[in-house]
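Structure file input.txt with compact mmCIF, C-alpha atoms:
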# COMPACT_ATOMS: atom_id res chain seq x y z
CA MET A 1 -7.89 -25.43 -39.22
CA THR A 2 -8.11 -21.72 -39.77
CA HIS A 3 -5.42 -19.65 -41.35
CA VAL A 4 -2.91 -17.94 -39.11
CA GLY A 5 -4.01 -14.44 -38.22
CA LEU A 6 -3.66 -11.95 -35.43
CA SER A 7 -5.18 -14.21 -32.75
CA GLN A 8 -2.64 -16.98 -33.14
CA PHE A 9 0.26 -14.58 -32.62
CA LEU A 10 -1.49 -13.08 -29.60
CA VAL A 11 -2.03 -16.55 -28.11
CA ILE A 12 1.69 -17.34 -28.51
CA SER A 13 2.65 -14.06 -26.88
CA SER A 14 0.26 -14.47 -23.95
CA ILE A 15 1.56 -17.99 -23.27
CA LEU A 16 5.11 -16.58 -23.32
CA PHE A 17 4.05 -13.80 -20.93
CA CYS A 18 2.54 -16.26 -18.46
CA LEU A 19 5.63 -18.50 -18.59
CA GLY A 20 7.75 -15.42 -17.85
CA ILE A 21 5.62 -14.56 -14.83
CA PHE A 22 5.85 -18.17 -13.65
CA GLY A 23 9.66 -18.00 -13.92
CA ILE A 24 9.81 -14.73 -12.00
CA VAL A 25 7.67 -15.85 -9.08
CA THR A 26 9.01 -19.37 -8.65
CA ARG A 27 12.76 -19.07 -9.18
CA LYS A 28 15.09 -18.19 -6.34
CA ASN A 29 18.15 -17.31 -8.39
CA ALA A 30 18.27 -13.65 -9.43
CA VAL A 31 19.65 -14.48 -12.89
CA MET A 32 16.64 -16.73 -13.50
CA VAL A 33 14.36 -13.85 -12.55
CA LEU A 34 16.12 -11.79 -15.23
CA MET A 35 15.48 -14.55 -17.78
CA GLY A 36 11.76 -14.38 -16.90
CA ILE A 37 11.83 -10.62 -17.52
CA GLU A 38 13.42 -11.22 -20.93
CA LEU A 39 10.59 -13.65 -21.80
CA ILE A 40 8.01 -11.02 -20.85
CA LEU A 41 9.73 -8.33 -22.94
CA ASN A 42 9.79 -10.73 -25.91
CA SER A 43 6.07 -11.40 -25.58
CA ALA A 44 5.36 -7.66 -25.54
CA ASN A 45 7.48 -7.30 -28.67
CA ILE A 46 5.50 -10.02 -30.46
CA ASN A 47 2.32 -8.07 -29.65
CA PHE A 48 3.77 -4.81 -30.99
CA ILE A 49 4.89 -6.38 -34.26
CA ALA A 50 1.68 -8.39 -34.69
CA PHE A 51 -0.39 -5.23 -34.39
CA ALA A 52 1.99 -3.42 -36.72
CA ARG A 53 1.36 -6.16 -39.29
CA PHE A 54 -2.39 -6.66 -38.90
CA GLY A 55 -3.46 -3.27 -37.59
CA ASN A 56 -3.28 0.00 -39.41
CA PHE A 57 -0.20 1.51 -37.80
CA GLY A 58 2.46 1.27 -40.48
CA PHE A 59 5.96 0.71 -39.23
CA GLN A 60 5.62 2.34 -35.83
CA GLY A 61 5.04 -0.96 -34.03
CA GLN A 62 8.30 -2.35 -35.38
CA LEU A 63 10.09 0.82 -34.29
CA ILE A 64 8.73 0.53 -30.74
CA ALA A 65 9.88 -3.11 -30.73
CA LEU A 66 13.40 -1.91 -31.60
CA PHE A 67 13.27 0.59 -28.72
CA VAL A 68 12.15 -2.19 -26.36
CA ILE A 69 15.11 -4.34 -27.45
CA VAL A 70 17.54 -1.45 -26.73
CA LEU A 71 16.01 -0.85 -23.30
CA ALA A 72 16.16 -4.59 -22.57
CA ALA A 73 19.90 -4.54 -23.29
CA ALA A 74 20.43 -1.59 -20.92
CA GLU A 75 18.27 -3.26 -18.26
CA ALA A 76 20.17 -6.56 -18.48
CA ALA A 77 23.53 -4.78 -18.09
CA ILE A 78 22.43 -2.77 -15.04
CA ALA A 79 20.68 -5.73 -13.41
CA LEU A 80 23.70 -7.99 -13.80
CA ALA A 81 25.96 -5.33 -12.26
CA ILE A 82 23.57 -5.17 -9.29
CA VAL A 83 23.52 -8.98 -9.07
CA LEU A 84 27.34 -9.10 -9.02
CA ASN A 85 27.41 -6.57 -6.17
CA ILE A 86 24.81 -8.59 -4.25
CA TYR A 87 26.96 -11.69 -4.74
CA LYS A 88 30.02 -9.85 -3.39
CA THR A 89 28.08 -8.76 -0.31
CA PHE A 90 25.96 -11.81 0.53
CA SER A 91 27.84 -14.65 -1.27
CA ASN A 92 24.63 -15.86 -2.87
CA ILE A 93 21.97 -14.43 -5.15
CA ASN A 94 18.84 -16.14 -3.88
CA VAL A 95 16.22 -13.44 -3.89
CA ASP A 96 14.33 -14.90 -0.90
CA GLU A 97 17.37 -14.81 1.41
CA ILE A 98 18.50 -11.27 0.67
CA ASP A 99 16.40 -9.12 2.96
CA ASN A 100 18.88 -6.63 4.40
CA LEU A 101 18.99 -3.11 3.10
CA ARG A 102 22.20 -2.37 5.05
CA ASP A 103 24.86 -4.47 6.78
CA MET B 1 -3.08 -25.16 -44.17
CA ASN B 2 -0.38 -23.71 -46.35
CA ILE B 3 3.37 -23.48 -45.88
CA TYR B 4 3.07 -20.19 -43.91
CA ASP B 5 0.86 -21.87 -41.30
CA ILE B 6 3.19 -24.85 -40.97
CA ILE B 7 6.20 -22.57 -40.42
CA PHE B 8 4.21 -20.49 -37.94
CA TYR B 9 3.24 -23.51 -35.85
CA LEU B 10 6.83 -24.79 -36.02
CA PHE B 11 8.30 -21.54 -34.70
CA GLY B 12 5.51 -21.14 -32.16
CA ALA B 13 6.13 -24.66 -30.84
CA ILE B 14 9.88 -23.98 -30.61
CA THR B 15 9.22 -20.76 -28.70
CA ILE B 16 6.67 -22.15 -26.24
CA VAL B 17 8.39 -25.48 -25.55
CA SER B 18 11.81 -23.95 -24.97
CA ALA B 19 10.31 -21.15 -22.83
CA PHE B 20 8.60 -23.85 -20.75
CA PHE B 21 11.95 -25.57 -20.23
CA VAL B 22 13.57 -22.21 -19.37
CA VAL B 23 11.25 -21.77 -16.41
CA THR B 24 11.18 -25.42 -15.27
CA THR B 25 14.74 -26.76 -15.68
CA ARG B 26 16.67 -26.70 -12.43
CA ASN B 27 20.10 -26.22 -14.01
CA ILE B 28 20.70 -22.54 -14.80
CA ILE B 29 23.09 -23.24 -17.68
CA TYR B 30 20.47 -25.41 -19.39
CA SER B 31 17.92 -22.64 -18.87
CA ALA B 32 20.23 -20.15 -20.57
CA PHE B 33 20.63 -22.45 -23.56
CA TYR B 34 16.89 -23.06 -23.80
CA LEU B 35 16.51 -19.27 -23.76
CA LEU B 36 18.64 -19.25 -26.94
CA PHE B 37 16.01 -21.39 -28.71
CA THR B 38 13.23 -19.16 -27.41
CA PHE B 39 14.92 -16.11 -28.91
CA PHE B 40 15.40 -17.95 -32.21
CA GLY B 41 11.73 -18.89 -32.27
CA VAL B 42 10.64 -15.34 -31.55
CA ALA B 43 12.93 -14.07 -34.33
CA GLY B 44 11.24 -16.54 -36.67
CA LEU B 45 7.83 -15.18 -35.66
CA TYR B 46 9.10 -11.65 -36.43
CA VAL B 47 10.12 -12.77 -39.92
CA LEU B 48 6.65 -14.29 -40.43
CA LEU B 49 5.15 -10.93 -39.43
CA GLY B 50 7.21 -9.11 -42.05
CA ALA B 51 9.66 -7.52 -39.62
CA ASP B 52 12.95 -8.66 -41.11
CA PHE B 53 15.14 -5.94 -39.59
CA VAL B 54 13.72 -6.45 -36.09
CA ALA B 55 14.36 -10.18 -36.41
CA ILE B 56 18.02 -9.59 -37.25
CA VAL B 57 18.35 -7.08 -34.39
CA GLN B 58 16.74 -9.66 -32.10
CA LEU B 59 19.34 -12.24 -33.09
CA ILE B 60 22.26 -9.82 -32.75
CA VAL B 61 21.26 -8.08 -29.52
CA TYR B 62 19.51 -10.87 -27.63
CA VAL B 63 21.53 -13.91 -28.69
CA GLY B 64 24.82 -12.09 -29.11
CA GLY B 65 24.53 -9.65 -26.24
CA ILE B 66 21.96 -10.29 -23.53
CA LEU B 67 22.30 -14.09 -23.48
CA ILE B 68 26.10 -13.85 -23.19
CA LEU B 69 25.65 -11.28 -20.43
CA LEU B 70 23.29 -13.65 -18.58
CA LEU B 71 25.80 -16.49 -18.96
CA PHE B 72 28.49 -14.20 -17.52
CA GLY B 73 26.17 -13.50 -14.62
CA VAL B 74 25.66 -17.24 -14.01
CA MET B 75 29.39 -17.96 -14.21
CA LEU B 76 30.45 -15.09 -11.96
CA THR B 77 27.90 -15.75 -9.23
CA ASN B 78 28.57 -19.46 -8.74
CA LYS B 79 31.70 -21.32 -7.83
CA ILE B 80 33.16 -22.53 -11.11
CA THR B 81 34.30 -25.80 -9.52
CA ASN B 82 30.70 -26.44 -8.56
CA VAL B 83 29.63 -28.40 -11.62
CA ASN B 84 25.92 -28.68 -10.93
CA ILE B 85 24.63 -25.12 -10.87
CA LYS B 86 21.12 -25.44 -9.53
CA THR B 87 18.46 -22.97 -8.67
CA GLY B 88 15.91 -23.48 -5.94
CA THR B 89 12.23 -22.97 -6.53
CA ILE B 90 9.55 -21.73 -4.20
CA GLN B 91 5.76 -21.90 -4.23
CA ILE B 92 5.42 -23.87 -7.44
CA ILE B 93 1.83 -25.11 -6.91
CA PRO B 94 0.13 -21.75 -6.11
CA ALA B 95 2.16 -20.02 -8.81
CA ALA B 96 1.17 -22.64 -11.38
CA ILE B 97 -2.51 -22.37 -10.46
CA ALA B 98 -2.46 -18.57 -10.60
CA VAL B 99 -0.53 -18.47 -13.88
CA VAL B 100 -2.79 -21.01 -15.59
CA ALA B 101 -5.87 -19.07 -14.44
CA PHE B 102 -4.36 -15.84 -15.73
CA MET B 103 -3.43 -17.49 -19.04
CA TYR B 104 -7.01 -18.78 -19.44
CA LEU B 105 -8.33 -15.28 -18.75
CA LEU B 106 -5.94 -13.67 -21.27
CA ILE B 107 -6.56 -16.19 -24.05
CA THR B 108 -10.36 -16.25 -23.71
CA THR B 109 -10.40 -12.46 -23.67
CA LEU B 110 -8.30 -12.05 -26.77
CA LEU B 111 -10.08 -14.80 -28.67
CA ASN B 112 -13.48 -13.24 -27.92
CA THR B 113 -12.42 -9.73 -28.87
CA ALA B 114 -13.31 -8.55 -32.36
CA TRP B 115 -9.97 -7.08 -33.39
CA LYS B 116 -10.18 -4.49 -36.10
CA THR B 117 -7.66 -5.86 -38.54
CA THR B 118 -6.76 -4.65 -41.97
CA ASN B 119 -5.23 -7.00 -44.46
CA ASN B 120 -2.05 -5.06 -45.08
CA THR B 121 0.41 -6.24 -47.64
CA VAL B 122 3.88 -6.81 -46.29
CA ASP B 123 6.36 -4.53 -48.02
CA LEU B 124 9.89 -5.78 -47.66
CA PRO B 125 12.58 -4.76 -46.94
CA SER B 126 11.47 -2.71 -43.95
CA THR B 127 14.90 -1.17 -43.39
CA GLN B 128 14.34 1.98 -45.43
CA LYS B 129 10.99 2.81 -43.82
CA LEU B 130 12.36 2.24 -40.33
CA GLY B 131 15.41 4.39 -41.07
CA VAL B 132 13.31 7.27 -42.37
CA LEU B 133 11.05 7.11 -39.32
CA LEU B 134 14.09 7.05 -37.03
CA ILE B 135 15.54 10.28 -38.40
CA THR B 136 12.29 12.19 -38.87
CA GLN B 137 9.40 11.46 -36.53
CA TYR B 138 11.32 9.57 -33.85
CA ALA B 139 14.63 11.47 -33.97
CA VAL B 140 14.39 12.73 -30.38
CA VAL B 141 13.50 9.25 -29.07
CA PHE B 142 16.44 7.81 -31.00
CA GLU B 143 18.92 10.29 -29.50
CA LEU B 144 17.51 9.81 -26.00
CA LEU B 145 17.83 6.04 -26.35
CA GLY B 146 21.46 6.46 -27.31
CA ILE B 147 22.07 8.55 -24.19
CA VAL B 148 20.19 6.03 -22.01
CA LEU B 149 22.25 3.16 -23.38
CA LEU B 150 25.52 5.05 -22.85
CA ILE B 151 24.68 6.01 -19.27
CA ALA B 152 23.42 2.50 -18.48
CA LEU B 153 26.56 0.81 -19.76
CA ILE B 154 28.92 3.26 -18.02
CA GLY B 155 26.92 2.88 -14.81
CA ALA B 156 26.94 -0.91 -15.08
CA ALA B 157 30.71 -0.97 -15.62
CA SER B 158 31.42 1.36 -12.71
CA MET B 159 29.03 -0.53 -10.41
CA ALA B 160 30.42 -3.93 -11.29
CA ARG B 161 34.09 -3.11 -10.64
CA LYS B 162 33.59 -1.48 -7.24
Let me see the file written as structure tokens.
Amino acid sequence: MTHVGLSQFLVISSILFCLGIFGIVTRKNAVMVLMGIELILNSANINFIAFARFGNFGFQGQLIALFVIVLAAAEAAIALAIVLNIYKTFSNINVDEIDNLRD
Amino acid sequence: MNIYDIIFYLFGAITIVSAFFVVTTRNIIYSAFYLLFTFFGVAGLYVLLGADFVAIVQLIVYVGGILILLLFGVMLTNKITNVNIKTGTIQIIPAAIAVVAFMYLLITTLLNTAWKTTNNTVDLPSTQKLGVLLITQYAVVFELLGIVLLIALIGAASMARK
């Protein structure tokens, strides 16, 4: 068995990315779609930090990962506010049943 | 196979297995708790990559902030008396086929690519380097991110209480 290098981290992150996509396209509940988006953002962060460690980029990859985490926090807050408003209007948050843009 | 490899495979297995349960469990509360283990596993991978500060920020922001926010979202959008909070699923078979094909494509591509790697030494702690970069080269990005976060949180609060 070879030693752990860049490829192993990239394999982990691509599996995480595909699981996130699977969650987004198969789940009906809007909160579950958000969880899929968080998985995808985490896989992108693993890629950034893996290339910061094994590539020749210094600390900039880690810094971009920090920025991604901050943007993920902002995105989760906004998306949950939207989901709460959808729940007040339609009384459910199944993304396949909400197809009205106006009442 | 040294101790680093063993810890890597441990954290990778935690991450992948719990992420698999996140997207397959029907109960949303269980999914949220499996997401906790995924975030812990990813933080462990960050530590193995020499990113100690990012790992701590991952634990604080994701586990302490985003996961709690998601749990709030689950609790506020279901009837609390309804004990079994389930989520429906659609189109599992085509999605699984497409995702597995895409995963095969990604993994074969990245395994057959000759990445230009340098064997850097990990210099810990990374906090000082990150702090210097934040106030010199990335100062504008840092300030803009602060403004974005402020506007996003104010907007979320005002949207949610309407």
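CA of Leu111 (chain B) is positioned 25.7 Å from CA of Val68 (chain A).
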Residue with the minimum atom-to-atom distance to Thr38 (chain B), picked from A:Glu38, A:Val70, A:Val83, A:Gly5 with all atoms listed in the file counted, is A:Glu38
Do you know which residues lie at most 9 Å from (17.8, -6.5, -16.0), with coordinates as in the file and only C-alpha atoms counted, and could you write them as JSON, numbers by chain?
-> {"A": [31, 33, 34, 35, 37, 38, 72, 73, 74, 75, 76, 77, 78, 79, 80, 82]}
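Non-sequential neighbours of Lys116 (chain B) (distance at most 9 Å, separation of 6 or more positions within a chain, all atoms listed in the file) are Phe54, Gly55 and Asn56 of chain A.
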Could you please take those selected residues and save C-alpha atoms as a JSON list (two decimals), keeping the file's coordinate frame?
[["chain", "number", "residue", "atom", "x", "y", "z"],
["A", 54, "PHE", "CA", -2.39, -6.66, -38.90],
["A", 55, "GLY", "CA", -3.46, -3.27, -37.59],
["A", 56, "ASN", "CA", -3.28, 0.00, -39.41]]
Give as a ChimeraX atom specification each residue that has an atom at most 10 Å from (23.3, 3.1, -20.9) in the file, counting only C-alpha atoms.
-> /A:70-71,73-75,77-78 /B:145-157
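Nearest residue to Gly12 (chain B), choosing from B:Val140, B:Ala55, B:Trp115, B:Phe39 and counting all atoms listed in the file: B:Phe39.
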Spatial neighbours of Ile21 (chain A), max dist 8 Å, only C-alpha atoms, sep filter under 6 positions, as a list in words = Gly36, Ile37 and Ile40 of chain A; Val99 of chain B
Once you have the residues from the selection above, write them out as an mmCIF file, keeping the file's coordinate frame, restricted to C-alpha atoms.
data_model
loop_
_atom_site.group_PDB
_atom_site.id
_atom_site.type_symbol
_atom_site.label_atom_id
_atom_site.label_comp_id
_atom_site.auth_asym_id
_atom_site.auth_seq_id
_atom_site.Cartn_x
_atom_site.Cartn_y
_atom_site.Cartn_z
ATOM 1 C CA GLY A 36 11.760 -14.380 -16.900
ATOM 2 C CA ILE A 37 11.830 -10.620 -17.520
ATOM 3 C CA ILE A 40 8.010 -11.020 -20.850
ATOM 4 C CA VAL B 99 -0.530 -18.470 -13.880
#
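Shortest separation to Leu69 (chain B) among A:Leu19, A:Val11, A:Ala81, A:Asp99 occurs at residue A:Ala81, atoms counted being all atoms listed in the file.
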Repaired coordinates for region 61-87 of chain A (N, CA and C atoms) as a CSV table (one decimal), keeping the file's coordinate frame:
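Writing the result to rebuild_30.csv gives the following:
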chain,number,residue,atom,x,y,z
A,61,GLY,N,4.9,0.2,-35.0
A,61,GLY,CA,5.0,-1.0,-34.0
A,61,GLY,C,6.4,-1.6,-34.1
A,62,GLN,N,7.0,-1.8,-35.3
A,62,GLN,CA,8.3,-2.4,-35.4
A,62,GLN,C,9.3,-1.4,-34.7
A,63,LEU,N,9.1,-0.1,-34.9
A,63,LEU,CA,10.1,0.8,-34.3
A,63,LEU,C,10.1,0.7,-32.8
A,64,ILE,N,8.8,0.7,-32.2
A,64,ILE,CA,8.7,0.5,-30.7
A,64,ILE,C,9.4,-0.8,-30.3
A,65,ALA,N,9.2,-1.8,-31.1
A,65,ALA,CA,9.9,-3.1,-30.7
A,65,ALA,C,11.4,-2.9,-30.7
A,66,LEU,N,12.0,-2.2,-31.6
A,66,LEU,CA,13.4,-1.9,-31.6
A,66,LEU,C,13.8,-1.2,-30.3
A,67,PHE,N,13.0,-0.2,-29.9
A,67,PHE,CA,13.3,0.6,-28.7
A,67,PHE,C,13.2,-0.3,-27.5
A,68,VAL,N,12.2,-1.3,-27.5
A,68,VAL,CA,12.2,-2.2,-26.4
A,68,VAL,C,13.4,-3.1,-26.3
A,69,ILE,N,13.9,-3.5,-27.5
A,69,ILE,CA,15.1,-4.3,-27.4
A,69,ILE,C,16.3,-3.6,-26.9
A,70,VAL,N,16.4,-2.3,-27.3
A,70,VAL,CA,17.5,-1.4,-26.7
A,70,VAL,C,17.4,-1.3,-25.2
A,71,LEU,N,16.2,-1.0,-24.7
A,71,LEU,CA,16.0,-0.8,-23.3
A,71,LEU,C,16.2,-2.2,-22.6
A,72,ALA,N,15.9,-3.3,-23.2
A,72,ALA,CA,16.2,-4.6,-22.6
A,72,ALA,C,17.7,-4.8,-22.4
A,73,ALA,N,18.4,-4.4,-23.4
A,73,ALA,CA,19.9,-4.5,-23.3
A,73,ALA,C,20.4,-3.7,-22.1
A,74,ALA,N,20.0,-2.5,-22.0
A,74,ALA,CA,20.4,-1.6,-20.9
A,74,ALA,C,20.0,-2.2,-19.6
A,75,GLU,N,18.8,-2.7,-19.5
A,75,GLU,CA,18.3,-3.3,-18.3
A,75,GLU,C,19.1,-4.5,-17.9
A,76,ALA,N,19.4,-5.3,-18.8
A,76,ALA,CA,20.2,-6.6,-18.5
A,76,ALA,C,21.6,-6.2,-17.9
A,77,ALA,N,22.2,-5.2,-18.6
A,77,ALA,CA,23.5,-4.8,-18.1
A,77,ALA,C,23.5,-4.3,-16.7
A,78,ILE,N,22.5,-3.3,-16.4
A,78,ILE,CA,22.4,-2.8,-15.0
A,78,ILE,C,22.1,-3.9,-14.0
A,79,ALA,N,21.1,-4.7,-14.4
A,79,ALA,CA,20.7,-5.7,-13.4
A,79,ALA,C,21.8,-6.7,-13.1
A,80,LEU,N,22.6,-7.1,-14.1
A,80,LEU,CA,23.7,-8.0,-13.8
A,80,LEU,C,24.8,-7.3,-13.0
A,81,ALA,N,25.0,-6.0,-13.1
A,81,ALA,CA,26.0,-5.3,-12.3
A,81,ALA,C,25.5,-5.4,-10.8
A,82,ILE,N,24.1,-5.1,-10.6
A,82,ILE,CA,23.6,-5.2,-9.3
A,82,ILE,C,23.7,-6.6,-8.7
A,83,VAL,N,23.4,-7.6,-9.5
A,83,VAL,CA,23.5,-9.0,-9.1
A,83,VAL,C,24.9,-9.3,-8.6
A,84,LEU,N,25.9,-8.8,-9.4
A,84,LEU,CA,27.3,-9.1,-9.0
A,84,LEU,C,27.7,-8.4,-7.7
A,85,ASN,N,27.2,-7.2,-7.5
A,85,ASN,CA,27.4,-6.6,-6.2
A,85,ASN,C,26.7,-7.3,-5.0
A,86,ILE,N,25.5,-7.8,-5.3
A,86,ILE,CA,24.8,-8.6,-4.2
A,86,ILE,C,25.6,-9.8,-3.9
A,87,TYR,N,26.2,-10.5,-5.0
A,87,TYR,CA,27.0,-11.7,-4.7
A,87,TYR,C,28.2,-11.4,-3.9
